[in-house]
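Engineer: I have a structure I would like to understand better, so I am pasting it below and will then ask my questions one at a time.
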Amino acid sequence: MRQLVLFFLLSLSCQQIHAELTAADCRELGFIKAQLMCSSCEKLLDDFGLDTIKPHCKQCCTLDQQPAVQRTYAKAILEVCTCKFRAYPQIQAFIQSGRPAKFPNLQIKYVRGLDPVVKLLDASGKVQETLSITKWNTDTVEEFFETHLAKDGAGKSSYSVVEDVDGDDEEDYLRTNRI
C-alpha cells in the first residue's frame, strides 16, 4: 500500500513538471509564452541564479526548433495592431508595401493592442504554430513566408486584409484604433 501511494505521488509530481501552462497563466507569472524559448530557461536562469522560477519557465517555453527541419504551412495570418506601427516600423513597411501580394495564402489581421505575430495554419485551418515577429526586419518576414508558406495558388496576386469596414479608402492606417 505504501509503495502504491509513493508511486501515485511521484507520478503526480511528474505530471506537474511536464504540464504546459496556458498563455494567460504564463503572463501572470511574467512570461510571454509566444516569445520564450526553452533554451533561455536553461541558460539564462542558471547564469543569474534564478533556479526557483525554472520550473515555471519550462512550463511556459516553446521548444527550440531544429533548423534542419523545413516545415511548410497551408496558410498564415499576420496579426498586428496599427497602434504599434511606430514601435515596429519594419512590420508596417512590409504590410504597406506590395510584398504581401506575393503570398495569396497570407491574411493580415488587425487586432487591437497586439504585438506582431504570425499564426501558421494547416490545410484544415487549425493553428499549428504562433511566432512573435517583433524583432524581424522586412526582408526576414518576406523570406520566412517564401520558405514556410505552401506555394498553392502561385500566380494569384491577392491576399486578404481584415480591418475596419467603414468603406473609407484614405491612407489612415490608425482608423481601426479610433475610440
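Convention: chains lettered A, B, ... in C-alpha cells order; per-chain residue numbering from 1; ligands numbered from 1 as shown.
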Which neighbours of Lys75 in chain A fall inside 10 Å, counting only C-alpha atoms, when residues of the same chain fewer than 3 positions from it are skipped, and could you give them as number ranges by chain?
Structural biologist: A: 72, 103-107, 119-127, 145, 148-152
Engineer: Counting only C-alpha atoms, what is within 9 Å of His56 in chain A, bar same-chain residues fewer than 6 positions away, as a tab-separated table (two decimals) with N, CA, C and O atoms, in the first residue's frame?
Structural biologist:
```tsv
chain	number	residue	atom	x	y	z
A	17	ILE	N	5.43	18.60	-13.54
A	17	ILE	CA	6.68	19.08	-14.13
A	17	ILE	C	6.52	19.22	-15.63
A	17	ILE	O	6.98	20.17	-16.24
A	21	LEU	N	1.57	25.32	-19.24
A	21	LEU	CA	0.64	26.34	-18.79
A	21	LEU	C	0.06	27.07	-19.98
A	21	LEU	O	0.65	27.13	-21.05
A	26	CYS	N	0.97	31.94	-18.02
A	26	CYS	CA	2.36	32.37	-18.19
A	26	CYS	C	2.48	33.88	-18.03
A	26	CYS	O	3.43	34.38	-17.43
A	29	LEU	N	2.63	34.85	-14.57
A	29	LEU	CA	3.93	34.54	-13.96
A	29	LEU	C	5.04	35.45	-14.48
A	29	LEU	O	6.18	35.36	-14.03
A	31	PHE	N	5.90	35.70	-17.89
A	31	PHE	CA	6.49	35.16	-19.10
A	31	PHE	C	5.58	35.42	-20.29
A	31	PHE	O	4.36	35.38	-20.16
```
Engineer: Out of A:Ala74, A:Val80, A:Ile53, A:Ala23, which residue has the shortest atom-to-atom distance to Ile133 in chain A when counting only C-alpha atoms?
Structural biologist: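 Comparing A:Ala74, A:Val80, A:Ile53, A:Ala23 against Ile133 in chain A, the winner is A:Val80.
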Engineer: Using only C-alpha atoms, find the one residue out of A:Ile95, A:Ala87, A:Val141, A:Cys60 that sits nearest to Tyr110 in chain A.
Structural biologist: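 Using only C-alpha atoms, Tyr110 in chain A sits closest to A:Ile95.
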Engineer: Please run DSSP on the backbone and report, as a list in words, all residues within range 41-133 of chain A that come out as alpha helix (DSSP H).
Structural biologist: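 Checking each residue of range 41-133 of chain A, the alpha helix (DSSP H) ones are Cys41, Glu42, Lys43, Leu44, Leu45, Asp46, Asp47, Lys54, Pro55, His56, Cys57, Lys58, Gln59, Cys60, Pro89, Gln90, Ile91, Gln92, Ala93, Phe94, Ile95 and Gln96 of chain A.
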Engineer: Compile the contact shell of Lys58 in chain A as a list of chain:residue names: residues with an atom at most 10 Å away, counting only C-alpha atoms, same-chain residues fewer than 4 positions apart removed.
Structural biologist: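 Using only C-alpha atoms, the neighbours found are A:Ile17, A:His18, A:Ala19, A:Glu20, A:Leu21, A:Leu36, A:Met37, A:Cys38, A:Ser39, A:Ser40, A:Cys41, A:Glu42, A:Ile53, A:Lys54, A:Thr62, A:Leu63.
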Engineer: Just to confirm, what's the straight-line distance from CA of Gln35 in chain A to CA of Leu131 in chain A in Å (one decimal)?
Structural biologist: 7.3 Å
Engineer: Could you tell me how far CA of Gln92 in chain A lies from CA of Asn137 in chain A, in Å and to one decimal?
Structural biologist: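 Result for CA of Gln92 in chain A versus CA of Asn137 in chain A: 10.1 Å, one decimal.
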Engineer: Could you jot down the CA of Lys33 in chain A to CA of Ile108 in chain A separation for me, Å, one decimal place?
Structural biologist: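 Between these atoms lies a distance of 21.7 Å.
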